[in-house]
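To be precise, the following lines are start-v7.csv, and they hold CSV, C-alpha atoms and all ligand atoms.
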```csv
chain,number,residue,atom,x,y,z
T,1,THR,CA,14.9,-46.7,4.1
T,2,CYS,CA,11.4,-46.8,5.4
T,3,SER,CA,12.1,-49.7,7.7
T,4,ASP,CA,14.4,-47.5,9.7
T,5,TYR,CA,11.3,-45.5,10.8
T,6,LYS,CA,8.9,-48.4,11.5
T,7,GLY,CA,7.9,-46.8,14.8
T,8,VAL,CA,6.5,-43.7,13.2
T,9,ARG,CA,2.8,-43.9,12.6
T,10,ARG,CA,0.9,-40.9,13.7
T,11,GLY,CA,1.7,-37.6,15.2
T,12,HIS,CA,2.4,-33.9,15.0
T,13,LEU,CA,5.6,-32.1,14.1
T,14,ARG,CA,6.1,-28.4,14.9
T,15,LEU,CA,8.9,-26.6,13.3
T,16,SER,CA,9.7,-23.0,12.5
T,17,MET,CA,11.9,-21.6,9.9
T,18,VAL,CA,13.1,-18.4,8.2
T,19,THR,CA,11.3,-17.0,5.2
T,20,THR,CA,14.0,-17.9,2.7
T,21,ALA,CA,13.7,-21.6,3.5
T,22,LYS,CA,10.1,-21.6,2.2
T,23,TYR,CA,11.5,-22.1,-1.3
T,24,VAL,CA,13.2,-25.4,-0.2
T,25,ILE,CA,11.6,-27.1,2.8
T,26,PRO,CA,7.9,-27.2,1.8
T,27,ARG,CA,8.9,-28.9,-1.4
T,28,MET,CA,10.6,-31.6,0.6
T,29,LEU,CA,7.6,-32.1,2.8
T,30,GLY,CA,5.7,-33.6,-0.1
T,31,PRO,CA,7.8,-36.8,-0.3
T,32,PHE,CA,8.1,-36.9,3.5
T,33,CYS,CA,4.3,-36.8,4.1
T,34,GLU,CA,3.8,-39.3,1.3
T,35,ARG,CA,6.1,-41.7,3.2
T,36,TYR,CA,4.5,-40.9,6.6
T,37,PRO,CA,0.9,-40.0,5.9
T,38,GLY,CA,-0.1,-40.1,9.6
T,39,ILE,CA,2.1,-37.2,10.5
T,40,ASP,CA,0.8,-33.7,10.3
T,41,ILE,CA,3.1,-30.8,10.2
T,42,GLU,CA,2.8,-27.3,11.6
T,43,LEU,CA,5.3,-25.1,9.9
T,44,GLY,CA,5.9,-21.5,11.0
T,45,LEU,CA,7.5,-19.1,8.5
T,46,LEU,CA,9.1,-16.2,10.2
T,47,ASN,CA,12.1,-14.0,10.0
T,48,ARG,CA,15.3,-14.8,12.0
T,49,ASP,CA,14.4,-12.7,15.0
T,50,GLN,CA,11.0,-14.3,15.3
T,51,VAL,CA,12.4,-17.8,14.9
T,52,LEU,CA,14.9,-16.9,17.7
T,53,GLU,CA,12.0,-15.8,19.9
T,54,ARG,CA,10.2,-19.2,19.4
T,55,LEU,CA,13.5,-20.9,20.1
T,56,LYS,CA,13.9,-19.0,23.3
T,57,ASP,CA,10.3,-19.8,24.4
T,58,ASN,CA,10.8,-23.5,23.5
T,59,LEU,CA,7.7,-23.5,21.2
T,60,ASP,CA,8.8,-25.9,18.5
T,61,GLU,CA,10.9,-29.0,18.2
T,62,LEU,CA,13.1,-28.0,15.2
T,63,TYR,CA,14.2,-24.6,13.9
T,64,ILE,CA,15.8,-23.7,10.6
T,65,MET,CA,17.8,-20.5,10.1
T,66,SER,CA,21.2,-19.1,9.1
T,67,LEU,CA,23.4,-17.2,11.6
T,68,PRO,CA,22.5,-19.5,14.6
T,69,PRO,CA,23.0,-18.1,18.1
T,70,ALA,CA,26.2,-19.0,19.8
T,71,ASP,CA,24.6,-20.9,22.7
T,72,GLU,CA,25.7,-24.2,24.1
T,73,SER,CA,22.2,-25.3,24.9
T,74,PHE,CA,21.3,-25.9,21.3
T,75,GLU,CA,22.4,-28.5,18.9
T,76,VAL,CA,23.2,-26.7,15.6
T,77,ILE,CA,23.6,-28.8,12.4
T,78,PRO,CA,24.5,-27.2,9.1
T,79,PHE,CA,22.6,-28.8,6.2
T,80,LEU,CA,22.5,-26.6,3.1
T,81,ASP,CA,24.3,-23.7,1.5
T,82,ASN,CA,22.4,-20.4,1.4
T,83,PRO,CA,24.4,-18.1,-0.9
T,84,LEU,CA,23.4,-14.5,-0.9
T,85,VAL,CA,23.5,-12.8,-4.3
T,86,VAL,CA,23.0,-9.3,-5.8
T,87,VAL,CA,19.7,-9.2,-7.8
T,88,ALA,CA,18.8,-6.7,-10.5
T,89,PRO,CA,16.0,-6.3,-13.0
T,90,LEU,CA,16.5,-8.5,-16.1
T,91,GLY,CA,17.2,-5.4,-18.3
T,92,TYR,CA,20.0,-4.1,-16.1
T,93,SER,CA,23.1,-3.2,-18.0
T,94,TYR,CA,26.5,-3.2,-16.5
T,95,SER,CA,28.3,0.2,-16.3
T,96,ARG,CA,31.6,-1.6,-16.8
T,97,PRO,CA,32.6,-5.2,-17.8
T,98,PRO,CA,31.5,-7.6,-15.0
T,99,PRO,CA,32.2,-8.4,-12.3
T,100,LEU,CA,31.3,-5.2,-10.7
T,101,ARG,CA,33.4,-4.0,-7.8
T,102,LEU,CA,31.8,-3.6,-4.4
T,103,LEU,CA,32.3,0.1,-4.7
T,104,ASP,CA,30.2,0.2,-7.9
T,105,LEU,CA,27.2,-0.7,-5.8
T,106,VAL,CA,27.4,2.5,-3.9
T,107,ALA,CA,25.9,4.3,-6.9
T,108,GLU,CA,22.8,2.0,-6.9
T,109,ARG,CA,19.6,2.1,-4.9
T,110,PHE,CA,18.7,-0.9,-2.8
T,111,ILE,CA,15.6,-2.6,-1.5
T,112,MET,CA,16.4,-4.5,1.6
T,113,ARG,CA,14.8,-6.9,4.0
T,114,GLU,CA,13.6,-5.6,7.3
T,115,GLU,CA,15.6,-5.4,10.6
T,116,GLY,CA,15.3,-8.8,12.3
T,117,SER,CA,15.8,-10.6,9.0
T,118,GLY,CA,18.8,-13.0,8.8
T,119,THR,CA,19.4,-12.0,5.2
T,120,ARG,CA,19.5,-8.3,6.3
T,121,MET,CA,21.8,-9.1,9.2
T,122,ALA,CA,24.3,-11.0,7.0
T,123,VAL,CA,24.4,-8.3,4.4
T,124,ASP,CA,24.8,-5.5,7.0
T,125,ASP,CA,27.5,-7.4,8.8
T,126,TYR,CA,29.4,-8.0,5.6
T,127,LEU,CA,29.1,-4.4,4.4
T,128,ALA,CA,30.2,-3.0,7.8
T,129,LYS,CA,33.3,-5.2,7.6
T,130,GLN,CA,34.0,-3.8,4.1
T,131,ARG,CA,33.2,-0.3,5.3
T,132,ILE,CA,30.7,0.2,2.6
T,133,SER,CA,27.2,1.5,3.0
T,134,LEU,CA,24.5,1.2,0.4
T,135,ARG,CA,21.6,3.5,-0.2
T,136,VAL,CA,18.5,1.7,1.0
T,137,ARG,CA,15.5,3.1,-0.9
T,138,MET,CA,13.0,0.8,0.6
T,139,THR,CA,12.7,-1.9,3.3
T,140,LEU,CA,10.3,-4.7,2.8
T,141,GLY,CA,9.4,-7.7,5.0
T,142,SER,CA,8.9,-10.1,2.2
T,143,ASN,CA,11.3,-11.7,-0.3
T,144,GLU,CA,8.4,-11.9,-2.8
T,145,ALA,CA,7.6,-8.2,-2.5
T,146,ILE,CA,11.3,-7.4,-3.0
T,147,LYS,CA,11.5,-9.5,-6.1
T,148,GLN,CA,8.5,-7.6,-7.5
T,149,ALA,CA,10.0,-4.2,-6.6
T,150,VAL,CA,13.3,-5.1,-8.2
T,151,ALA,CA,11.7,-6.5,-11.4
T,152,GLY,CA,9.7,-3.3,-11.5
T,153,GLY,CA,12.9,-1.2,-11.6
T,154,MET,CA,12.9,0.2,-8.0
T,155,GLY,CA,16.4,-0.8,-7.4
T,156,LEU,CA,18.7,-3.8,-6.7
T,157,SER,CA,18.6,-6.2,-3.7
T,158,ILE,CA,20.7,-8.8,-2.0
T,159,LEU,CA,18.7,-12.0,-1.4
T,160,SER,CA,19.2,-15.7,-0.9
T,161,ARG,CA,19.7,-17.4,-4.3
T,162,HIS,CA,17.1,-19.9,-3.1
T,163,VAL,CA,14.5,-17.1,-3.4
T,164,LEU,CA,15.1,-16.7,-7.1
T,165,GLY,CA,13.2,-18.5,-9.9
T,166,HIS,CA,14.8,-21.1,-12.1
T,167,PRO,CA,16.0,-19.3,-14.1
T,168,PRO,CA,15.6,-15.8,-12.4
T,169,ALA,CA,14.7,-14.4,-15.9
T,170,ASN,CA,11.3,-16.1,-15.5
T,171,GLU,CA,10.5,-13.4,-12.9
T,172,GLY,CA,12.1,-10.5,-14.7
T,173,LEU,CA,15.3,-10.7,-12.6
T,174,LYS,CA,19.0,-11.5,-13.0
T,175,GLU,CA,21.8,-12.2,-10.6
T,176,LEU,CA,24.7,-9.8,-11.0
T,177,ALA,CA,28.3,-10.7,-11.1
T,178,VAL,CA,29.9,-8.7,-8.2
T,179,GLU,CA,33.2,-9.2,-6.6
T,180,HIS,CA,33.0,-11.1,-3.2
T,181,PHE,CA,29.5,-12.4,-4.2
T,182,PRO,CA,27.8,-14.7,-3.5
T,183,LEU,CA,28.2,-14.3,0.2
T,184,GLU,CA,28.5,-17.9,1.3
T,185,ARG,CA,26.2,-18.6,4.1
T,186,ALA,CA,24.5,-21.8,5.3
T,187,TRP,CA,21.2,-22.9,6.9
T,188,TYR,CA,21.2,-24.8,10.1
T,189,VAL,CA,18.7,-26.9,11.8
T,190,LEU,CA,18.6,-26.4,15.6
T,191,TYR,CA,17.0,-28.0,18.6
T,192,ARG,CA,17.3,-27.8,22.3
T,193,ARG,CA,19.8,-30.2,23.8
T,194,ALA,CA,17.7,-30.5,27.0
T,195,ARG,CA,14.6,-31.4,25.1
T,196,PRO,CA,14.9,-34.9,23.7
T,197,LEU,CA,13.6,-35.0,20.1
T,198,SER,CA,10.4,-37.0,19.5
T,199,LEU,CA,10.6,-39.9,17.2
T,200,ILE,CA,8.8,-37.9,14.6
T,201,ALA,CA,11.2,-34.9,14.8
T,202,THR,CA,14.1,-37.3,14.7
T,203,THR,CA,12.6,-38.9,11.6
T,204,PHE,CA,12.2,-35.6,9.9
T,205,LEU,CA,15.7,-34.5,10.9
T,206,HIS,CA,17.1,-37.6,9.3
T,207,PHE,CA,15.0,-37.1,6.2
T,208,LEU,CA,16.1,-33.5,5.9
T,209,LEU,CA,19.8,-34.3,6.3
T,210,ARG,CA,19.6,-37.2,3.8
T,211,GLU,CA,17.7,-35.2,1.2
T,212,THR,CA,20.1,-32.4,1.3
T,213,GLY,CA,23.2,-34.6,1.3
T,214,ALA,CA,24.3,-33.3,4.7
T,215,MET,CA,24.1,-36.7,6.4
T,216,GLY,CA,27.2,-37.7,4.3
T,217,SER,CA,29.4,-35.5,6.6
T,218,THR,CA,30.8,-37.3,9.6
T,219,SER,CA,30.5,-34.3,11.8
T,220,VAL,CA,26.8,-34.3,11.1
T,221,SER,CA,26.0,-38.0,11.2
T,222,SER,CA,27.8,-38.3,14.6
T,223,THR,CA,25.7,-35.5,16.1
T,224,VAL,CA,22.2,-36.6,15.0
T,225,PRO,CA,20.3,-38.9,17.4
T,226,SER,CA,19.4,-42.3,16.0
T,227,ALA,CA,15.9,-42.8,14.6
T,228,GLU,CA,15.6,-46.4,15.8
G,301,LIG,P1,15.3,-14.2,7.0
G,301,LIG,O1,16.4,-15.3,7.3
G,301,LIG,O2,14.1,-14.8,6.4
G,301,LIG,O3,15.1,-13.7,8.4
G,301,LIG,O4,16.0,-13.2,6.1
G,301,LIG,C1,17.2,-15.9,6.4
G,301,LIG,C2,18.1,-16.8,7.1
G,301,LIG,O5,18.3,-16.8,8.3
G,301,LIG,O6,18.7,-17.5,6.3
```

Output the structure of this file as structure tokens.
Amino acid sequence: TCSDYKGVRRGHLRLSMVTTAKYVIPRMLGPFCERYPGIDIELGLLNRDQVLERLKDNLDELYIMSLPPADESFEVIPFLDNPLVVVAPLGYSYSRPPPLRLLDLVAERFIMREEGSGTRMAVDDYLAKQRISLRVRMTLGSNEAIKQAVAGGMGLSILSRHVLGHPPANEGLKELAVEHFPLERAWYVLYRRARPLSLIATTFLHFLLRETGAMGSTSVSSTVPSAE
């Protein structure tokens, strides 16, 4: 409730997050800012490598990404699923009854995120484990541009489901049924253990974890600093 956060009046919150989170977090900021109108937020939208750079340089208070670094100096809290799915143009017809096998994808052309992207890294890691390599026709540094290229018939892609419209058909896309997909990944919120969170950052962290239902997990609620 609001009274938990009585101490928060004015201030500035700086956070950086990966590009796929832009479909979720800014939407949550509306209700947050309504509740705390004195807080202004500076939000950096970057790919995973760039978020890691900022984390290394200690530039923000909170960071959101999947595939967090294994580093004891950060608190790392999972808060939302980030399933990766195979995306095709709406008119795509299956060459065999779905689900497709992973091997069927070898015949397709793909449009992938750039090196340094967490989405790309998750996909590459997974395919390497399966000993499959896909034909990458084009690399693009933007989920939006990839969606346009896929809808335009350039090829298929593997993207976070959060990036897709509701329903994907609104944007001329569809999610394909492929064995082993979605790849189940999660987003994490991170902060430096050695840098005590400001009251504002703590308040936002609580808000984020409550809104996404993550606060219900004991392992999460016991990690998070109190907002009082
Ligand atoms: P990306 O990151 O925007 O770099 O692909 C996605 C993620 O880490 O979930």

Worksheet item: Quick one: residues within 8 Å of ligand LIG 301 (chain G), with only C-alpha atoms and all ligand atoms, as an MDAnalysis selection string?
Response: chainID T and resid 17:21 46:49 64:67 82 113 116:121 143 160 185:187

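Residue nearest Leu176 in chain T, chosen from T:Arg109, T:Arg195, T:Arg101, T:Arg131 and counting only C-alpha atoms: T:Arg101.
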
Worksheet item: Hey, can you check how far CA of Tyr23 in chain T sits from CA of Leu164 in chain T?
Response: 8.7 Å

Practice prompt. Up to 12 Å from (21.6, -32.6, 2.0) in the file's coordinates: name the residues, counting all atoms listed in the file, as a PyMOL selection string.
Written response: chain T and resi 24-25+28+77-81+186-189+205-217+220-221

Worksheet item: Separation of CA of Val150 in chain T and CA of Pro99 in chain T, in Å?
Response: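 Those two atoms sit 19.6 Å apart.
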